[in-house]
Amino acid sequence: MDKSRKIEVLKKKLDDSKYTVALCGSGMMAECGYTGMKIPEKAYEVERIYGESPEDIFTSVYYNNRPAQFFQFYREEVLQGDREPSASFYALANMERRGKLQCIITGNMYEYPQKASCRNVINLHGSIYENVCPHCGRKYSLDYIKNSSKVPLCEACSRVIRPQVALYGEMMDSQLMTRATKEIENADVLVLLGTTLDSELFSKYIKYFEGSNLIIIHKEYHHSDERADLFILDEPKNVLPELGY
């Protein structure tokens with residue numbers, strides 16, 4: 001089946017679905033021009049520059065014990081993901097407005113779906129736009145974090161501000177996990193965008209899917225793709241806008 005025919009089949013499945021959920025993986029971040037820190041080339045670069053791996057730096061231990069170094073890394077590396085959304089996210093927003101998409105679940109911290117005007121979004125790893133003093137609860141903007149000279153301190157109590165993002169090794173928010181699980185349980189159609197069934201993040205949720213159609217749109221082939229009802233080997237940005245919603 002060629003790509004154009006697959007897009008027709010995809011549109012029919014979405015039109016027939018009563019509840020569709022999309023999982024946005026690292027491939028969707030790459031579309032926006034950001035390379036995740038778990039990509040080997042990026043991890044090597046980080047270790048060369050900072051002398052330690054991302055898994056060592058981007059942790060609560062580093063945040064608590066070496067806050068200046070943590071925030072240097074956070075500003076110079078993590079916040080580079082604060083970019084404009086790709087065409088895929090605008091297509092998802094159009095699908096949502098047309099009632100063809102009920103929920104988006106993502107592991108990125110940069111609110112790409114929200115920037116494209118998507119509304120029902122679950123950010124499993126939190127958001128760089130939410131920053132809180134862990135002592136008094138005062139909230140701070142992303143610009144406050146960016147513009148702090150070294151360590152961003154609370155203006156009220158001088159404690160180190162905590163970005164509300166998931167650090168390596170931390171337990172994820174149980175309420176977000178429960179919500180994501182319920183959304184997938186409710187789905188007739190589950191669409192994986194820029195990720196695979198064996199995703200480190202999403203595999204634990206995908207197992208709860210009992211709907212009729214599992215769809216994968218990803219530029220790289222993975223052996224698990226054979227379990228999908230429809231697989232399109234391409235970047236989502238080259239597929240979703242073609243649906244015409």
# chains A, B, ... in the order shown; residues from 1 in each chain; ligands from 1

call {"tool": "residues_around", "arguments": {"residues": "Ile57 of chain A", "least_positions_apart": "3", "cutoff": "9 Å", "atoms": "only C-alpha atoms", "output": "list of chain:residue names"}}
result
A:Tyr50, A:Glu52, A:Ser53, A:Pro54, A:Ser60, A:Val61, A:Tyr62, A:Tyr63, A:Gln69, A:Phe70, A:Phe73, A:Tyr168

call {"tool": "residues_around", "arguments": {"residues": "Arg5 of chain A", "least_positions_apart": "2", "cutoff": "12 Å", "atoms": "only C-alpha atoms", "output": "list in words"}}
result
Met1, Asp2, Lys3, Ile7, Glu8, Val9, Leu10, Lys11, Lys12, Leu230, Phe231, Ile232, Val239, Glu242 and Leu243 of chain A

call {"tool": "residues_around", "arguments": {"residues": "Val78 of chain A", "least_positions_apart": "2", "cutoff": "12 Å", "atoms": "only C-alpha atoms", "output": "PyMOL selection string"}}
result
chain A and resi 34-38+42+46+54+57-58+70-76+80-83+108-110+127-128+146+163+165-167

call {"tool": "write_last_selection", "arguments": {"atoms": "N, CA, C and O atoms", "output": "short mmCIF file (atom, residue, chain, number, x, y, z; two decimals), in the first residue's frame"}}
result
data_model
loop_
_atom_site.label_atom_id
_atom_site.label_comp_id
_atom_site.auth_asym_id
_atom_site.auth_seq_id
_atom_site.Cartn_x
_atom_site.Cartn_y
_atom_site.Cartn_z
N TYR A 34 14.98 20.00 17.99
CA TYR A 34 15.66 19.75 19.25
C TYR A 34 16.08 18.29 19.34
O TYR A 34 15.29 17.38 19.11
N THR A 35 17.34 18.08 19.69
CA THR A 35 17.87 16.73 19.88
C THR A 35 17.84 16.37 21.35
O THR A 35 18.45 17.05 22.18
N GLY A 36 17.13 15.33 21.70
CA GLY A 36 17.02 14.91 23.08
C GLY A 36 18.34 14.45 23.66
O GLY A 36 19.23 13.98 22.93
N MET A 37 18.48 14.57 24.96
CA MET A 37 19.76 14.28 25.61
C MET A 37 20.09 12.80 25.67
O MET A 37 21.22 12.43 25.97
N LYS A 38 19.10 11.93 25.37
CA LYS A 38 19.38 10.50 25.38
C LYS A 38 19.89 10.01 24.03
O LYS A 38 20.29 8.85 23.91
N LYS A 42 24.30 13.34 21.22
CA LYS A 42 24.10 14.46 22.13
C LYS A 42 24.68 14.16 23.51
O LYS A 42 25.30 15.04 24.14
N VAL A 46 27.53 16.37 25.51
CA VAL A 46 27.34 16.90 26.85
C VAL A 46 28.49 16.47 27.77
O VAL A 46 29.04 17.29 28.52
N PRO A 54 24.51 13.50 30.88
CA PRO A 54 23.22 14.11 31.21
C PRO A 54 22.52 13.39 32.36
O PRO A 54 21.86 14.03 33.19
N ILE A 57 23.97 14.85 35.54
CA ILE A 57 23.73 16.28 35.80
C ILE A 57 22.26 16.58 36.02
O ILE A 57 21.90 17.32 36.95
N PHE A 58 21.40 16.01 35.18
CA PHE A 58 19.99 16.36 35.21
C PHE A 58 19.26 15.49 36.24
O PHE A 58 18.34 14.73 35.93
N PHE A 70 24.06 22.82 37.92
CA PHE A 70 22.79 22.32 37.40
C PHE A 70 22.11 23.36 36.51
O PHE A 70 21.68 23.04 35.39
N PHE A 71 22.03 24.59 36.99
CA PHE A 71 21.32 25.61 36.22
C PHE A 71 22.11 26.10 35.01
O PHE A 71 21.52 26.55 34.03
N GLN A 72 23.42 25.99 35.05
CA GLN A 72 24.20 26.28 33.85
C GLN A 72 23.81 25.29 32.76
O GLN A 72 23.55 25.67 31.62
N PHE A 73 23.79 24.01 33.11
CA PHE A 73 23.40 22.96 32.17
C PHE A 73 21.94 23.15 31.73
O PHE A 73 21.61 23.00 30.54
N TYR A 74 21.09 23.48 32.67
CA TYR A 74 19.66 23.64 32.38
C TYR A 74 19.43 24.75 31.36
O TYR A 74 18.68 24.58 30.39
N ARG A 75 20.11 25.88 31.55
CA ARG A 75 19.94 27.00 30.62
C ARG A 75 20.57 26.71 29.26
O ARG A 75 19.98 27.00 28.22
N GLU A 76 21.78 26.17 29.27
CA GLU A 76 22.55 26.00 28.03
C GLU A 76 22.10 24.80 27.21
O GLU A 76 22.29 24.79 25.99
N GLN A 80 17.25 24.78 25.45
CA GLN A 80 17.36 24.91 24.00
C GLN A 80 16.19 24.23 23.29
O GLN A 80 15.98 24.43 22.11
N GLY A 81 15.44 23.45 24.04
CA GLY A 81 14.24 22.83 23.48
C GLY A 81 13.05 23.77 23.42
O GLY A 81 11.99 23.40 22.90
N ASP A 82 13.21 24.97 23.93
CA ASP A 82 12.12 25.96 23.90
C ASP A 82 12.02 26.56 22.49
O ASP A 82 12.55 27.62 22.22
N ARG A 83 11.35 25.84 21.60
CA ARG A 83 11.27 26.20 20.19
C ARG A 83 9.82 26.27 19.72
O ARG A 83 8.90 25.96 20.46
N ASN A 108 7.60 15.45 26.22
CA ASN A 108 8.47 16.63 26.16
C ASN A 108 8.01 17.68 27.16
O ASN A 108 6.84 17.73 27.54
N MET A 109 8.93 18.52 27.56
CA MET A 109 8.68 19.52 28.61
C MET A 109 8.42 20.92 28.06
O MET A 109 8.36 21.88 28.81
N TYR A 110 8.28 21.02 26.73
CA TYR A 110 8.32 22.33 26.10
C TYR A 110 6.97 22.84 25.61
O TYR A 110 6.89 23.89 24.97
N SER A 127 6.69 20.71 32.79
CA SER A 127 6.83 21.83 31.87
C SER A 127 7.90 22.80 32.34
O SER A 127 7.96 23.14 33.53
N ILE A 128 8.72 23.28 31.40
CA ILE A 128 9.73 24.28 31.73
C ILE A 128 9.08 25.62 32.09
O ILE A 128 9.74 26.48 32.67
N LYS A 146 15.65 32.06 33.14
CA LYS A 146 16.63 32.39 32.11
C LYS A 146 17.50 33.58 32.50
O LYS A 146 18.70 33.61 32.21
N PRO A 163 12.42 23.99 38.88
CA PRO A 163 11.63 23.79 37.66
C PRO A 163 10.74 22.56 37.83
O PRO A 163 11.20 21.53 38.33
N VAL A 165 9.86 19.99 36.26
CA VAL A 165 10.12 19.00 35.22
C VAL A 165 10.64 17.73 35.88
O VAL A 165 11.20 17.78 36.98
N ALA A 166 10.44 16.61 35.22
CA ALA A 166 10.90 15.34 35.77
C ALA A 166 12.40 15.18 35.53
O ALA A 166 12.85 15.23 34.39
N LEU A 167 13.15 15.01 36.59
CA LEU A 167 14.58 14.78 36.48
C LEU A 167 14.85 13.27 36.40
O LEU A 167 14.02 12.46 36.82
#

call {"tool": "residues_around", "arguments": {"residues": "Ala116 of chain A", "least_positions_apart": "5", "cutoff": "7 Å", "atoms": "only C-alpha atoms", "output": "list of chain:residue names"}}
result
A:Pro85, A:Phe89, A:Tyr90, A:Ala93

call {"tool": "closest_residue", "arguments": {"among": "A:Tyr140, A:Tyr245, A:Tyr205, A:Tyr112", "to": "Ser26 of chain A", "atoms": "only C-alpha atoms"}}
result
A:Tyr112

call {"tool": "residues_around", "arguments": {"residues": "Pro241 of chain A", "least_positions_apart": "5", "cutoff": "10 Å", "atoms": "only C-alpha atoms", "output": "PyMOL selection string"}}
result
chain A and resi 87-92+94-95+236

call {"tool": "write_last_selection", "arguments": {"atoms": "C-alpha atoms", "output": "mmCIF file, in the first residue's frame"}}
result
data_model
loop_
_atom_site.group_PDB
_atom_site.id
_atom_site.type_symbol
_atom_site.label_atom_id
_atom_site.label_comp_id
_atom_site.auth_asym_id
_atom_site.auth_seq_id
_atom_site.Cartn_x
_atom_site.Cartn_y
_atom_site.Cartn_z
ATOM 1 C CA ALA A 87 3.544 21.477 11.333
ATOM 2 C CA SER A 88 2.540 18.239 13.075
ATOM 3 C CA PHE A 89 1.354 20.053 16.180
ATOM 4 C CA TYR A 90 -0.735 22.534 14.212
ATOM 5 C CA ALA A 91 -2.309 19.586 12.403
ATOM 6 C CA LEU A 92 -3.086 17.988 15.775
ATOM 7 C CA ASN A 94 -6.896 21.209 13.785
ATOM 8 C CA MET A 95 -7.845 17.594 14.472
ATOM 9 C CA PRO A 236 4.440 12.969 11.171
#

call {"tool": "select_by_dssp", "arguments": {"residues": "chain A", "states": "helix (DSSP H, G or I)", "output": "JSON, numbers by chain"}}
result
{"A": [3, 4, 5, 6, 7, 8, 9, 10, 11, 12, 13, 14, 15, 16, 26, 27, 28, 29, 30, 31, 40, 41, 42, 43, 44, 45, 46, 47, 48, 49, 50, 54, 55, 56, 57, 60, 61, 62, 63, 64, 65, 67, 68, 69, 70, 71, 72, 73, 74, 75, 76, 78, 79, 80, 81, 87, 88, 89, 90, 91, 92, 93, 94, 95, 96, 97, 112, 113, 114, 115, 142, 143, 144, 145, 146, 147, 174, 175, 176, 177, 178, 179, 180, 181, 182, 183, 184, 185, 186, 203, 204, 205, 206, 223, 224, 225, 226, 227, 236, 237, 238, 240, 241, 242, 243]}

call {"tool": "closest_residue", "arguments": {"among": "A:Glu155, A:Glu220, A:Asp173, A:Glu45", "to": "Thr195 of chain A", "atoms": "only C-alpha atoms"}}
result
A:Glu220

call {"tool": "decode", "arguments": {"residues": "segment 10-41 of chain A", "atoms": "N, CA and C atoms", "output": "mmCIF file, in the first residue's frame"}}
result
data_model
loop_
_atom_site.group_PDB
_atom_site.id
_atom_site.type_symbol
_atom_site.label_atom_id
_atom_site.label_comp_id
_atom_site.auth_asym_id
_atom_site.auth_seq_id
_atom_site.Cartn_x
_atom_site.Cartn_y
_atom_site.Cartn_z
ATOM 1 N N LEU A 10 -5.947 6.042 7.030
ATOM 2 C CA LEU A 10 -5.818 6.709 8.325
ATOM 3 C C LEU A 10 -6.977 7.670 8.556
ATOM 4 N N LYS A 11 -7.308 8.446 7.554
ATOM 5 C CA LYS A 11 -8.411 9.407 7.692
ATOM 6 C C LYS A 11 -9.731 8.694 7.969
ATOM 7 N N LYS A 12 -9.949 7.578 7.294
ATOM 8 C CA LYS A 12 -11.179 6.810 7.522
ATOM 9 C C LYS A 12 -11.226 6.287 8.955
ATOM 10 N N LYS A 13 -10.121 5.794 9.446
ATOM 11 C CA LYS A 13 -10.085 5.283 10.818
ATOM 12 C C LYS A 13 -10.348 6.402 11.830
ATOM 13 N N LEU A 14 -9.783 7.591 11.579
ATOM 14 C CA LEU A 14 -9.999 8.719 12.477
ATOM 15 C C LEU A 14 -11.432 9.217 12.409
ATOM 16 N N ASP A 15 -12.013 9.225 11.207
ATOM 17 C CA ASP A 15 -13.400 9.670 11.052
ATOM 18 C C ASP A 15 -14.362 8.724 11.759
ATOM 19 N N ASP A 16 -14.029 7.434 11.779
ATOM 20 C CA ASP A 16 -14.905 6.442 12.405
ATOM 21 C C ASP A 16 -14.717 6.342 13.915
ATOM 22 N N SER A 17 -13.622 6.887 14.404
ATOM 23 C CA SER A 17 -13.304 6.767 15.829
ATOM 24 C C SER A 17 -14.164 7.694 16.680
ATOM 25 N N LYS A 18 -14.596 7.181 17.815
ATOM 26 C CA LYS A 18 -15.315 8.013 18.779
ATOM 27 C C LYS A 18 -14.362 8.664 19.783
ATOM 28 N N TYR A 19 -13.176 8.078 19.950
ATOM 29 C CA TYR A 19 -12.215 8.619 20.916
ATOM 30 C C TYR A 19 -10.806 8.267 20.447
ATOM 31 N N THR A 20 -10.045 9.304 20.096
ATOM 32 C CA THR A 20 -8.687 9.118 19.586
ATOM 33 C C THR A 20 -7.674 9.787 20.497
ATOM 34 N N VAL A 21 -6.615 9.082 20.789
ATOM 35 C CA VAL A 21 -5.532 9.593 21.639
ATOM 36 C C VAL A 21 -4.224 9.516 20.847
ATOM 37 N N ALA A 22 -3.405 10.572 20.946
ATOM 38 C CA ALA A 22 -2.101 10.601 20.274
ATOM 39 C C ALA A 22 -0.976 10.610 21.304
ATOM 40 N N LEU A 23 0.041 9.801 21.064
ATOM 41 C CA LEU A 23 1.251 9.799 21.879
ATOM 42 C C LEU A 23 2.358 10.458 21.068
ATOM 43 N N CYS A 24 2.924 11.534 21.588
ATOM 44 C CA CYS A 24 3.964 12.283 20.875
ATOM 45 C C CYS A 24 5.333 11.960 21.460
ATOM 46 N N GLY A 25 6.181 11.299 20.674
ATOM 47 C CA GLY A 25 7.481 10.866 21.151
ATOM 48 C C GLY A 25 8.616 11.775 20.742
ATOM 49 N N SER A 26 9.837 11.257 20.882
ATOM 50 C CA SER A 26 11.033 12.067 20.636
ATOM 51 C C SER A 26 11.148 12.502 19.183
ATOM 52 N N GLY A 27 10.559 11.730 18.264
ATOM 53 C CA GLY A 27 10.574 12.130 16.863
ATOM 54 C C GLY A 27 9.849 13.432 16.622
ATOM 55 N N MET A 28 8.858 13.714 17.447
ATOM 56 C CA MET A 28 8.123 14.978 17.333
ATOM 57 C C MET A 28 8.963 16.144 17.843
ATOM 58 N N MET A 29 9.822 15.885 18.824
ATOM 59 C CA MET A 29 10.758 16.912 19.284
ATOM 60 C C MET A 29 11.788 17.208 18.205
ATOM 61 N N ALA A 30 12.263 16.136 17.555
ATOM 62 C CA ALA A 30 13.258 16.297 16.500
ATOM 63 C C ALA A 30 12.713 17.140 15.357
ATOM 64 N N GLU A 31 11.422 17.002 15.069
ATOM 65 C CA GLU A 31 10.798 17.821 14.025
ATOM 66 C C GLU A 31 10.897 19.306 14.335
ATOM 67 N N CYS A 32 10.920 19.630 15.619
ATOM 68 C CA CYS A 32 11.006 21.030 16.049
ATOM 69 C C CYS A 32 12.454 21.506 16.130
ATOM 70 N N GLY A 33 13.390 20.622 15.814
ATOM 71 C CA GLY A 33 14.798 21.010 15.778
ATOM 72 C C GLY A 33 15.566 20.763 17.047
ATOM 73 N N TYR A 34 14.976 20.003 17.986
ATOM 74 C CA TYR A 34 15.661 19.754 19.247
ATOM 75 C C TYR A 34 16.084 18.294 19.339
ATOM 76 N N THR A 35 17.345 18.076 19.693
ATOM 77 C CA THR A 35 17.869 16.731 19.875
ATOM 78 C C THR A 35 17.836 16.369 21.355
ATOM 79 N N GLY A 36 17.129 15.333 21.695
ATOM 80 C CA GLY A 36 17.018 14.907 23.079
ATOM 81 C C GLY A 36 18.344 14.451 23.658
ATOM 82 N N MET A 37 18.479 14.572 24.960
ATOM 83 C CA MET A 37 19.759 14.276 25.612
ATOM 84 C C MET A 37 20.087 12.795 25.667
ATOM 85 N N LYS A 38 19.101 11.935 25.367
ATOM 86 C CA LYS A 38 19.379 10.502 25.376
ATOM 87 C C LYS A 38 19.890 10.007 24.027
ATOM 88 N N ILE A 39 19.863 10.873 23.015
ATOM 89 C CA ILE A 39 20.461 10.513 21.736
ATOM 90 C C ILE A 39 21.969 10.384 21.953
ATOM 91 N N PRO A 40 22.582 9.264 21.561
ATOM 92 C CA PRO A 40 24.007 9.032 21.875
ATOM 93 C C PRO A 40 24.930 10.183 21.502
ATOM 94 N N GLU A 41 24.764 10.741 20.300
ATOM 95 C CA GLU A 41 25.648 11.831 19.869
ATOM 96 C C GLU A 41 25.545 13.035 20.800
#
